[in-house]
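One file, protein06.cif, is given below (mmCIF, C-alpha atoms).
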data_query
#
loop_
_atom_site.group_PDB
_atom_site.id
_atom_site.type_symbol
_atom_site.label_atom_id
_atom_site.label_comp_id
_atom_site.auth_asym_id
_atom_site.auth_seq_id
_atom_site.Cartn_x
_atom_site.Cartn_y
_atom_site.Cartn_z
ATOM 1 C CA MET A 104 35.819 -14.197 60.279
ATOM 2 C CA PRO A 105 34.393 -10.650 60.398
ATOM 3 C CA GLU A 106 30.634 -10.310 60.485
ATOM 4 C CA LYS A 107 30.607 -6.766 59.070
ATOM 5 C CA ILE A 108 30.290 -6.601 55.285
ATOM 6 C CA ILE A 109 30.874 -3.383 53.353
ATOM 7 C CA ARG A 110 29.062 -3.548 50.017
ATOM 8 C CA LEU A 111 30.141 -1.218 47.234
ATOM 9 C CA GLN A 112 28.557 -0.746 43.839
ATOM 10 C CA SER A 113 31.760 0.311 42.079
ATOM 11 C CA ILE A 114 35.336 0.836 43.258
ATOM 12 C CA ASP A 115 38.788 0.845 41.712
ATOM 13 C CA SER A 116 39.748 -2.239 43.730
ATOM 14 C CA THR A 117 38.484 -3.767 46.972
ATOM 15 C CA HIS A 118 42.128 -4.461 47.843
ATOM 16 C CA LYS A 119 43.127 -0.819 47.340
ATOM 17 C CA PHE A 120 40.016 0.311 49.239
ATOM 18 C CA ALA A 121 41.021 -1.890 52.183
ATOM 19 C CA ILE A 122 44.544 -0.448 52.158
ATOM 20 C CA ARG A 123 43.115 3.084 52.220
ATOM 21 C CA LEU A 124 40.962 2.186 55.234
ATOM 22 C CA VAL A 125 44.070 1.054 57.093
ATOM 23 C CA GLU A 126 46.181 4.025 56.048
ATOM 24 C CA ASN A 127 43.433 6.449 57.089
ATOM 25 C CA GLY A 128 43.044 4.813 60.490
ATOM 26 C CA LYS A 129 39.508 3.601 59.732
ATOM 27 C CA ALA A 130 40.166 -0.136 59.488
ATOM 28 C CA VAL A 131 37.891 -2.588 61.267
ATOM 29 C CA GLU A 132 37.570 -6.320 60.807
ATOM 30 C CA CYS A 133 35.266 -6.611 57.822
ATOM 31 C CA ALA A 134 34.693 -8.049 54.376
ATOM 32 C CA ILE A 135 34.560 -5.592 51.474
ATOM 33 C CA VAL A 136 32.702 -6.690 48.352
ATOM 34 C CA ALA A 137 32.053 -4.769 45.140
ATOM 35 C CA GLU A 138 29.735 -5.348 42.213
ATOM 36 C CA ASN A 139 32.262 -3.740 39.889
ATOM 37 C CA GLN A 140 36.004 -3.082 39.949
ATOM 38 C CA THR A 141 37.591 -0.591 37.567
ATOM 39 C CA ALA A 142 41.226 -1.345 38.408
ATOM 40 C CA GLY A 143 41.445 -4.735 40.078
ATOM 41 C CA ILE A 144 44.900 -6.003 40.966
ATOM 42 C CA GLY A 145 46.530 -9.362 41.559
ATOM 43 C CA ARG A 146 49.905 -10.372 42.904
ATOM 44 C CA CYS A 147 52.853 -8.047 42.202
ATOM 45 C CA GLY A 148 50.451 -5.328 41.103
ATOM 46 C CA ARG A 149 49.309 -7.207 38.017
ATOM 47 C CA LYS A 150 45.912 -6.491 36.525
ATOM 48 C CA TRP A 151 42.925 -8.553 37.630
ATOM 49 C CA GLU A 152 40.215 -8.682 34.975
ATOM 50 C CA SER A 153 37.018 -7.723 36.824
ATOM 51 C CA LEU A 154 34.020 -8.848 34.792
ATOM 52 C CA HIS A 155 30.495 -8.125 36.008
ATOM 53 C CA GLY A 156 28.900 -10.888 38.055
ATOM 54 C CA ASN A 157 32.137 -12.256 39.444
ATOM 55 C CA LEU A 158 33.203 -12.100 43.079
ATOM 56 C CA PHE A 159 35.654 -9.398 44.166
ATOM 57 C CA THR A 160 36.213 -9.258 47.893
ATOM 58 C CA SER A 161 38.829 -8.192 50.426
ATOM 59 C CA ILE A 162 38.707 -9.338 54.025
ATOM 60 C CA VAL A 163 40.374 -7.120 56.616
ATOM 61 C CA LYS A 164 41.526 -8.887 59.768
ATOM 62 C CA LYS A 165 44.007 -8.325 62.564
ATOM 63 C CA PHE A 166 46.089 -11.356 63.517
ATOM 64 C CA PRO A 167 48.559 -11.718 66.405
ATOM 65 C CA GLN A 168 52.077 -10.395 65.841
ATOM 66 C CA ASN A 169 54.452 -12.666 63.923
ATOM 67 C CA TYR A 170 51.525 -14.499 62.286
ATOM 68 C CA ASP A 171 52.845 -16.567 59.379
ATOM 69 C CA ASN A 172 51.196 -14.960 56.355
ATOM 70 C CA GLY A 173 52.984 -17.309 53.952
ATOM 71 C CA LYS A 174 51.190 -20.262 55.506
ATOM 72 C CA LEU A 175 48.021 -18.169 55.774
ATOM 73 C CA SER A 176 47.990 -17.748 52.004
ATOM 74 C CA LEU A 177 47.973 -21.504 51.440
ATOM 75 C CA MET A 178 45.330 -21.948 54.132
ATOM 76 C CA VAL A 179 43.053 -19.396 52.452
ATOM 77 C CA ALA A 180 43.474 -21.326 49.191
ATOM 78 C CA CYS A 181 42.163 -24.452 50.981
ATOM 79 C CA ALA A 182 39.099 -22.550 52.176
ATOM 80 C CA VAL A 183 38.329 -21.112 48.735
ATOM 81 C CA HIS A 184 38.892 -24.502 47.087
ATOM 82 C CA GLU A 185 36.533 -26.185 49.548
ATOM 83 C CA ALA A 186 33.872 -23.499 49.052
ATOM 84 C CA ILE A 187 33.990 -23.904 45.265
ATOM 85 C CA SER A 188 34.117 -27.707 45.446
ATOM 86 C CA PHE A 189 30.521 -27.653 46.735
ATOM 87 C CA TYR A 190 29.540 -26.723 43.164
ATOM 88 C CA ILE A 191 32.355 -28.504 41.285
ATOM 89 C CA PRO A 192 33.102 -31.793 43.077
ATOM 90 C CA GLY A 193 35.721 -33.033 40.611
ATOM 91 C CA ASP A 194 38.678 -31.746 38.552
ATOM 92 C CA LEU A 195 39.167 -28.816 40.936
ATOM 93 C CA TYR A 196 42.785 -28.282 41.928
ATOM 94 C CA LEU A 197 45.157 -26.110 43.927
ATOM 95 C CA HIS A 198 47.868 -24.392 41.920
ATOM 96 C CA TRP A 199 50.840 -23.271 44.005
ATOM 97 C CA PRO A 200 51.119 -20.838 45.652
ATOM 98 C CA ASN A 201 47.452 -19.837 46.006
ATOM 99 C CA ASP A 202 45.280 -20.247 42.902
ATOM 100 C CA ILE A 203 42.308 -22.492 42.196
ATOM 101 C CA PHE A 204 42.107 -24.277 38.850
ATOM 102 C CA TYR A 205 39.407 -26.285 37.127
ATOM 103 C CA LYS A 206 41.454 -28.762 35.114
ATOM 104 C CA LYS A 207 44.112 -26.432 33.607
ATOM 105 C CA LEU A 208 42.006 -23.265 33.657
ATOM 106 C CA LYS A 209 42.120 -20.608 36.361
ATOM 107 C CA LEU A 210 38.949 -20.195 38.382
ATOM 108 C CA ALA A 211 40.021 -18.141 41.413
ATOM 109 C CA GLY A 212 42.990 -16.254 42.802
ATOM 110 C CA ILE A 213 44.127 -14.915 46.158
ATOM 111 C CA LEU A 214 46.214 -11.917 47.211
ATOM 112 C CA ILE A 215 47.525 -11.385 50.755
ATOM 113 C CA ALA A 216 48.960 -8.110 52.045
ATOM 114 C CA VAL A 217 49.952 -6.833 55.493
ATOM 115 C CA VAL A 218 49.590 -3.109 56.168
ATOM 116 C CA ASP A 219 50.275 -1.629 59.612
ATOM 117 C CA CYS A 220 49.492 -4.863 61.480
ATOM 118 C CA TRP A 221 46.292 -5.448 59.460
ATOM 119 C CA THR A 222 46.064 -8.391 57.087
ATOM 120 C CA ILE A 223 44.132 -7.953 53.854
ATOM 121 C CA ILE A 224 42.932 -11.180 52.234
ATOM 122 C CA SER A 225 41.653 -10.507 48.724
ATOM 123 C CA VAL A 226 39.844 -13.177 46.736
ATOM 124 C CA GLY A 227 38.589 -13.141 43.173
ATOM 125 C CA VAL A 228 36.343 -15.895 41.827
ATOM 126 C CA ASN A 229 35.117 -16.216 38.249
ATOM 127 C CA VAL A 230 31.467 -16.857 39.078
ATOM 128 C CA SER A 231 29.635 -15.852 35.898
ATOM 129 C CA SER A 232 32.338 -15.218 33.296
ATOM 130 C CA ALA A 233 36.006 -15.777 32.560
ATOM 131 C CA PRO A 234 38.346 -13.038 31.309
ATOM 132 C CA GLU A 235 40.236 -15.226 28.821
ATOM 133 C CA ILE A 236 38.744 -18.213 27.058
ATOM 134 C CA GLY A 237 41.213 -21.072 27.013
ATOM 135 C CA VAL A 238 43.149 -19.700 29.980
ATOM 136 C CA ALA A 239 40.478 -19.076 32.611
ATOM 137 C CA VAL A 240 37.058 -20.556 33.334
ATOM 138 C CA SER A 241 33.968 -19.578 35.316
ATOM 139 C CA LEU A 242 31.525 -21.527 37.457
ATOM 140 C CA LYS A 243 28.861 -20.735 34.867
ATOM 141 C CA ASP A 244 31.032 -22.310 32.138
ATOM 142 C CA VAL A 245 31.356 -25.518 34.148
ATOM 143 C CA CYS A 246 27.969 -25.824 35.857
ATOM 144 C CA GLY A 247 25.584 -23.678 33.832
ATOM 145 C CA SER A 248 23.810 -20.436 34.683
ATOM 146 C CA GLY A 249 22.115 -19.845 38.029
ATOM 147 C CA ILE A 250 24.280 -22.306 39.947
ATOM 148 C CA VAL A 251 25.520 -19.647 42.398
ATOM 149 C CA SER A 252 25.648 -15.872 42.808
ATOM 150 C CA ALA A 253 28.655 -13.811 43.831
ATOM 151 C CA GLU A 254 26.894 -13.054 47.137
ATOM 152 C CA GLU A 255 26.339 -16.745 47.901
ATOM 153 C CA MET A 256 29.930 -17.514 46.987
ATOM 154 C CA LEU A 257 31.134 -14.797 49.370
ATOM 155 C CA ASN A 258 29.059 -16.242 52.219
ATOM 156 C CA ASN A 259 30.367 -19.753 51.562
ATOM 157 C CA ILE A 260 33.965 -18.558 51.467
ATOM 158 C CA LEU A 261 33.554 -16.692 54.777
ATOM 159 C CA VAL A 262 32.157 -19.844 56.397
ATOM 160 C CA LYS A 263 35.015 -21.973 55.088
ATOM 161 C CA LEU A 264 37.617 -19.387 56.084
ATOM 162 C CA ASN A 265 36.328 -19.458 59.636
ATOM 163 C CA LYS A 266 36.492 -23.258 59.632
ATOM 164 C CA TRP A 267 40.046 -23.303 58.283
ATOM 165 C CA LEU A 268 41.268 -20.579 60.636
ATOM 166 C CA CYS A 269 40.008 -22.632 63.577
ATOM 167 C CA ALA A 270 41.680 -25.783 62.220
ATOM 168 C CA PHE A 271 44.900 -23.861 61.534
ATOM 169 C CA GLU A 272 45.002 -22.513 65.094
ATOM 170 C CA LYS A 273 44.267 -25.945 66.588
ATOM 171 C CA PHE A 274 46.338 -28.267 64.393
ATOM 172 C CA GLY A 275 48.859 -25.961 62.747
ATOM 173 C CA PHE A 276 50.015 -26.179 59.159
ATOM 174 C CA LEU A 277 49.805 -29.985 59.033
ATOM 175 C CA CYS A 278 46.106 -29.921 58.070
ATOM 176 C CA VAL A 279 46.809 -27.352 55.340
ATOM 177 C CA LYS A 280 49.712 -29.355 53.936
ATOM 178 C CA SER A 281 47.635 -32.552 53.931
ATOM 179 C CA TYR A 282 44.830 -30.838 51.996
ATOM 180 C CA TRP A 283 47.257 -29.367 49.481
ATOM 181 C CA LEU A 284 48.867 -32.742 48.819
ATOM 182 C CA GLN A 285 45.417 -34.120 47.986
ATOM 183 C CA TYR A 286 44.592 -31.447 45.433
ATOM 184 C CA ILE A 287 47.779 -29.987 43.966
ATOM 185 C CA ASN A 288 47.625 -30.872 40.284
ATOM 186 C CA GLU A 289 51.291 -30.725 39.292
ATOM 187 C CA ILE A 290 52.747 -33.495 41.466
ATOM 188 C CA ASN A 291 55.475 -35.310 39.480
ATOM 189 C CA CYS A 292 55.061 -32.870 36.576
ATOM 190 C CA LYS A 293 57.837 -30.835 35.013
ATOM 191 C CA VAL A 294 57.364 -27.127 35.626
ATOM 192 C CA ILE A 295 59.229 -23.875 35.454
ATOM 193 C CA VAL A 296 59.076 -21.407 38.351
ATOM 194 C CA ARG A 297 59.772 -17.753 37.631
ATOM 195 C CA ASN A 298 60.506 -15.079 40.188
ATOM 196 C CA GLY A 299 61.177 -11.755 38.522
ATOM 197 C CA SER A 300 63.934 -12.290 35.985
ATOM 198 C CA ASP A 301 65.030 -15.576 37.580
ATOM 199 C CA SER A 302 63.625 -18.965 36.574
ATOM 200 C CA ILE A 303 64.234 -22.602 37.417
ATOM 201 C CA SER A 304 62.755 -25.841 36.128
ATOM 202 C CA GLY A 305 62.256 -29.169 37.809
ATOM 203 C CA ILE A 306 59.786 -31.837 38.907
ATOM 204 C CA VAL A 307 57.172 -30.954 41.528
ATOM 205 C CA ARG A 308 57.331 -33.266 44.546
ATOM 206 C CA GLY A 309 54.890 -31.420 46.825
ATOM 207 C CA ILE A 310 55.132 -28.744 49.499
ATOM 208 C CA ASP A 311 57.093 -28.804 52.746
ATOM 209 C CA ASP A 312 56.070 -27.959 56.322
ATOM 210 C CA PHE A 313 56.475 -24.236 55.580
ATOM 211 C CA GLY A 314 54.406 -24.222 52.396
ATOM 212 C CA ARG A 315 57.438 -24.034 50.112
ATOM 213 C CA LEU A 316 57.296 -25.808 46.778
ATOM 214 C CA ILE A 317 59.530 -28.897 46.641
ATOM 215 C CA LEU A 318 61.173 -28.916 43.225
ATOM 216 C CA ASN A 319 63.412 -31.836 42.241
ATOM 217 C CA ARG A 320 66.235 -30.909 39.902
ATOM 218 C CA ASP A 321 69.314 -33.009 39.108
ATOM 219 C CA ASP A 322 68.334 -35.464 41.864
ATOM 220 C CA GLN A 323 68.242 -32.681 44.461
ATOM 221 C CA ASN A 324 65.193 -31.238 46.168
ATOM 222 C CA LEU A 325 65.054 -27.446 46.046
ATOM 223 C CA LEU A 326 62.697 -25.419 48.259
ATOM 224 C CA ILE A 327 60.987 -22.520 46.497
ATOM 225 C CA SER A 328 59.392 -19.838 48.691
ATOM 226 C CA SER A 329 57.752 -17.688 46.028
ATOM 227 C CA GLY A 330 57.271 -17.383 42.295
ATOM 228 C CA ASP A 331 54.966 -18.136 39.373
ATOM 229 C CA MET A 332 54.669 -21.782 38.351
ATOM 230 C CA PHE A 333 54.092 -22.886 34.769
ATOM 231 C CA LEU A 334 53.485 -26.404 33.503
ATOM 232 C CA ASN A 335 55.623 -27.889 30.703
ATOM 233 C CA MET A 336 57.297 -24.546 30.034
ATOM 234 C CA GLU A 337 53.925 -23.141 28.980
ATOM 235 C CA ARG A 338 52.441 -20.345 30.998
ATOM 236 C CA ILE A 339 49.256 -21.393 32.780
ATOM 237 C CA VAL A 340 48.435 -18.141 34.554
ATOM 238 C CA ILE A 341 48.112 -15.256 32.116
ATOM 239 C CA ASN A 342 47.161 -11.620 32.811
ATOM 240 C CA TYR A 343 46.108 -12.047 36.410
ATOM 241 C CA GLU A 344 47.118 -13.901 39.549
#
As structure tokens, the full file:
Amino acid sequence: MPEKIIRLQSIDSTHKFAIRLVENGKAVECAIVAENQTAGIGRCGRKWESLHGNLFTSIVKKFPQNYDNGKLSLMVACAVHEAISFYIPGDLYLHWPNDIFYKKLKLAGILIAVVDCWTIISVGVNVSSAPEIGVAVSLKDVCGSGIVSAEEMLNNILVKLNKWLCAFEKFGFLCVKSYWLQYINEINCKVIVRNGSDSISGIVRGIDDFGRLILNRDDQNLLISSGDMFLNMERIVINYE
């Protein structure tokens, strides 16, 4: 992963800042981290609640042409999960397609974008506070104060990303799929998956070799490429993704 780190005191969004670097022809492989975000975003342009003390970072990297960014998203989730699991060894789960949950509460989220051959990997981790009690959780809530700083969490995530990128290049998606099947929390649970105005319910059976959600419905396995997953018809992810 990139060794250069751009540290910002305040910015609208590290993700938007990274996009501007690319669009202005100033992109280099780097990690952008901000102490404060005024207009953080998640998937589909949704708002990301950016509370002080949490980690907001965007990693800018150039991959070979035709790199599978769908699989990359699930691989990044493995790296973030492993980095956080150093502090929370149990009850830490992967929530398809690329979120990290402690029990049923959101702890971290990931956003991937490709702009002019550059890949932007944005990660948000609730280190010191959670935006919605009862929906999200922070490391401080689980482990107590002083367990880790946003800077330390960034360094750990960069180390794990490098490890997982190497494994991904050497072994392919098999290692990512195996890790997901260990930690996905909704196996054999009834869920609803929404994609825009469309929705479908079924029983989660896992993910396939392309990272698609395997959803069993009426004794048939359906393969879902994208969407928002909710458990027992109740929305798990609220406000930000």
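Using all atoms listed in the file, the nearest neighbour of Leu208 in chain A within the list A:Leu195, A:Ala239, A:Met256, A:Ile224 is A:Ala239.
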Residues near range 299-306 of chain A, cut-off 7 Å, all atoms listed in the file, skip fewer than 3 positions along chain, as a PyMOL selection string = chain A and resi 291-296+318-320
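With all atoms listed in the file as the basis for measurement, A:Asn229 is the residue among A:Ser113, A:Asn265, A:Asn229, A:Asn169 that approaches Asp202 in chain A most closely.
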inquiry  = I need every residue sitting at most 10 Å from the point (39.2, -10.8, 61.7) (coordinates as in the file, only C-alpha atoms considered), written as a PyMOL selection string.
reply    = chain A and resi 104-107+131-134+162-166+221-223+265
Resulting file, chosen residues, C-alpha atoms, as an mmCIF file, in the frame of the given file:
data_model
loop_
_atom_site.group_PDB
_atom_site.id
_atom_site.type_symbol
_atom_site.label_atom_id
_atom_site.label_comp_id
_atom_site.auth_asym_id
_atom_site.auth_seq_id
_atom_site.Cartn_x
_atom_site.Cartn_y
_atom_site.Cartn_z
ATOM 1 C CA MET A 104 35.819 -14.197 60.279
ATOM 2 C CA PRO A 105 34.393 -10.650 60.398
ATOM 3 C CA GLU A 106 30.634 -10.310 60.485
ATOM 4 C CA LYS A 107 30.607 -6.766 59.070
ATOM 5 C CA VAL A 131 37.891 -2.588 61.267
ATOM 6 C CA GLU A 132 37.570 -6.320 60.807
ATOM 7 C CA CYS A 133 35.266 -6.611 57.822
ATOM 8 C CA ALA A 134 34.693 -8.049 54.376
ATOM 9 C CA ILE A 162 38.707 -9.338 54.025
ATOM 10 C CA VAL A 163 40.374 -7.120 56.616
ATOM 11 C CA LYS A 164 41.526 -8.887 59.768
ATOM 12 C CA LYS A 165 44.007 -8.325 62.564
ATOM 13 C CA PHE A 166 46.089 -11.356 63.517
ATOM 14 C CA TRP A 221 46.292 -5.448 59.460
ATOM 15 C CA THR A 222 46.064 -8.391 57.087
ATOM 16 C CA ILE A 223 44.132 -7.953 53.854
ATOM 17 C CA ASN A 265 36.328 -19.458 59.636
#
key: Sel. within 8 Å of pt (33.0, -5.3, 46.0), counting only C-alpha atoms, output as an MDAnalysis selection string   = chainID A and resid 109:114 116:117 135:140 158:161
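Comparing A:Trp199, A:Val218, A:Ala182, A:Tyr190 by their smallest distance to Glu126 in chain A, the closest is A:Val218 (using only C-alpha atoms).
By chain and then residue number, the residues within 12 Å of Ala270 in chain A are Leu175, Met178, Val179, Cys181, Ala182, Lys263, Leu264, Asn265, Lys266, Trp267, Lys273, Phe274, Gly275, Phe276, Leu277, Cys278, Val279 and Tyr282 of chain A, counting all atoms listed in the file and disregarding those fewer than 3 positions away in sequence.
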